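Notes follow the structure.
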Amino acid sequence: MTLDAIQQVMDRYRDTGECSSGAYFWTTDLIIMRRPGIPAMVDAVADLIATGELTAACGALDAEHDLDGDQ
């Protein structure tokens, strides 16, 4: 998706109320917030939990791999 397409979706979400009324956009393993900072991230994660979408938005890391992807 282009940034313009994501912007259009987020603007539509303002009207529909989805994703905290357009405060963020998510697709698998990617969350884009309209506002920067930790409070915006906390709000987005709280909303994803409340809507039951957290597991779809965030894939689980394999316990055998570290954060750099090394085994």
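By convention here, the chains of the structure tokens are called A, B, ... in the order presented, each chain's residues are numbered starting at 1, and ligands are numbered starting at 1 in the order presented.
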
(request) Would you list, as a PyMOL selection string, the residues of chain A that end up in helix (DSSP H, G or I) under DSSP run on this structure's backbone? (result) chain A and resi 3-16+18-22+38-50+54-57

(message) I want to know what sits within 8 Å of region 41-53 of chain A, based on only C-alpha atoms, with residues of the same chain fewer than 3 positions away left out; could you give that as a PyMOL selection string?
(response) chain A and resi 19-20+23-24+33+36-38+56-57

Using all heavy atoms, can you export the residues from the last selection as a PDB file, in the first residue's frame?
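Final file, again_26.pdb:
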ATOM      1  N   CYS A  19     -10.321   1.500  14.695  1.00  0.00           N
ATOM      2  CA  CYS A  19      -8.945   1.817  15.123  1.00  0.00           C
ATOM      3  C   CYS A  19      -8.885   3.136  15.885  1.00  0.00           C
ATOM      4  O   CYS A  19      -8.118   4.043  15.570  1.00  0.00           O
ATOM      5  CB  CYS A  19      -8.001   1.823  13.924  1.00  0.00           C
ATOM      6  SG  CYS A  19      -7.855   0.219  13.122  1.00  0.00           S
ATOM      7  N   SER A  20      -9.736   3.216  16.918  1.00  0.00           N
ATOM      8  CA  SER A  20      -9.824   4.432  17.757  1.00  0.00           C
ATOM      9  C   SER A  20     -10.067   5.671  16.903  1.00  0.00           C
ATOM     10  O   SER A  20      -9.390   6.690  17.035  1.00  0.00           O
ATOM     11  CB  SER A  20      -8.578   4.607  18.618  1.00  0.00           C
ATOM     12  OG  SER A  20      -8.515   3.611  19.604  1.00  0.00           O
ATOM     13  N   ALA A  23      -6.979   6.657  14.734  1.00  0.00           N
ATOM     14  CA  ALA A  23      -5.730   6.994  15.423  1.00  0.00           C
ATOM     15  C   ALA A  23      -4.571   6.124  14.959  1.00  0.00           C
ATOM     16  O   ALA A  23      -3.414   6.514  15.074  1.00  0.00           O
ATOM     17  CB  ALA A  23      -5.905   6.861  16.931  1.00  0.00           C
ATOM     18  N   TYR A  24      -4.901   4.933  14.416  1.00  0.00           N
ATOM     19  CA  TYR A  24      -3.849   4.055  13.931  1.00  0.00           C
ATOM     20  C   TYR A  24      -4.381   3.178  12.803  1.00  0.00           C
ATOM     21  O   TYR A  24      -5.593   3.070  12.582  1.00  0.00           O
ATOM     22  CB  TYR A  24      -3.276   3.188  15.063  1.00  0.00           C
ATOM     23  CG  TYR A  24      -4.248   2.185  15.643  1.00  0.00           C
ATOM     24  CD1 TYR A  24      -4.299   0.887  15.149  1.00  0.00           C
ATOM     25  CD2 TYR A  24      -5.117   2.525  16.665  1.00  0.00           C
ATOM     26  CE1 TYR A  24      -5.192  -0.039  15.665  1.00  0.00           C
ATOM     27  CE2 TYR A  24      -6.007   1.616  17.189  1.00  0.00           C
ATOM     28  CZ  TYR A  24      -6.041   0.337  16.689  1.00  0.00           C
ATOM     29  OH  TYR A  24      -6.928  -0.574  17.184  1.00  0.00           O
ATOM     30  N   MET A  33       0.796   4.731  13.644  1.00  0.00           N
ATOM     31  CA  MET A  33       0.025   5.649  14.461  1.00  0.00           C
ATOM     32  C   MET A  33      -0.002   7.026  13.828  1.00  0.00           C
ATOM     33  O   MET A  33       0.960   7.450  13.208  1.00  0.00           O
ATOM     34  CB  MET A  33       0.646   5.786  15.861  1.00  0.00           C
ATOM     35  CG  MET A  33       0.112   4.844  16.877  1.00  0.00           C
ATOM     36  SD  MET A  33       0.836   3.216  16.824  1.00  0.00           S
ATOM     37  CE  MET A  33       2.524   3.512  17.014  1.00  0.00           C
ATOM     38  N   PRO A  36       2.854  10.482  17.156  1.00  0.00           N
ATOM     39  CA  PRO A  36       4.059   9.788  17.618  1.00  0.00           C
ATOM     40  C   PRO A  36       4.052   9.617  19.133  1.00  0.00           C
ATOM     41  O   PRO A  36       3.280  10.268  19.838  1.00  0.00           O
ATOM     42  CB  PRO A  36       5.186  10.736  17.187  1.00  0.00           C
ATOM     43  CG  PRO A  36       4.564  12.096  17.264  1.00  0.00           C
ATOM     44  CD  PRO A  36       3.119  11.889  16.851  1.00  0.00           C
ATOM     45  N   GLY A  37       4.901   8.726  19.622  1.00  0.00           N
ATOM     46  CA  GLY A  37       5.138   8.622  21.047  1.00  0.00           C
ATOM     47  C   GLY A  37       4.551   7.393  21.706  1.00  0.00           C
ATOM     48  O   GLY A  37       3.697   6.692  21.156  1.00  0.00           O
ATOM     49  N   ILE A  38       5.044   7.163  22.917  1.00  0.00           N
ATOM     50  CA  ILE A  38       4.632   5.997  23.690  1.00  0.00           C
ATOM     51  C   ILE A  38       3.147   6.040  24.052  1.00  0.00           C
ATOM     52  O   ILE A  38       2.465   5.021  23.938  1.00  0.00           O
ATOM     53  CB  ILE A  38       5.531   5.832  24.929  1.00  0.00           C
ATOM     54  CG1 ILE A  38       6.943   5.464  24.459  1.00  0.00           C
ATOM     55  CG2 ILE A  38       4.973   4.768  25.874  1.00  0.00           C
ATOM     56  CD1 ILE A  38       7.983   5.453  25.540  1.00  0.00           C
ATOM     57  N   ALA A  56      -3.924 -10.860  15.693  1.00  0.00           N
ATOM     58  CA  ALA A  56      -3.872 -10.732  14.232  1.00  0.00           C
ATOM     59  C   ALA A  56      -2.885  -9.648  13.808  1.00  0.00           C
ATOM     60  O   ALA A  56      -2.217  -9.773  12.783  1.00  0.00           O
ATOM     61  CB  ALA A  56      -5.261 -10.408  13.682  1.00  0.00           C
ATOM     62  N   ALA A  57      -2.772  -8.593  14.607  1.00  0.00           N
ATOM     63  CA  ALA A  57      -1.893  -7.481  14.265  1.00  0.00           C
ATOM     64  C   ALA A  57      -0.429  -7.772  14.579  1.00  0.00           C
ATOM     65  O   ALA A  57       0.461  -7.275  13.889  1.00  0.00           O
ATOM     66  CB  ALA A  57      -2.328  -6.212  15.010  1.00  0.00           C
TER      67      ALA A  57
END

(request) Enumerate, as a count of residues only, the complete set of residues in chain A that a backbone-based DSSP assignment places in strand (DSSP E or B). (result) 8

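From CA of Leu61 (chain A) back to CA of Met10 (chain A), the distance works out to 27.4 Å.
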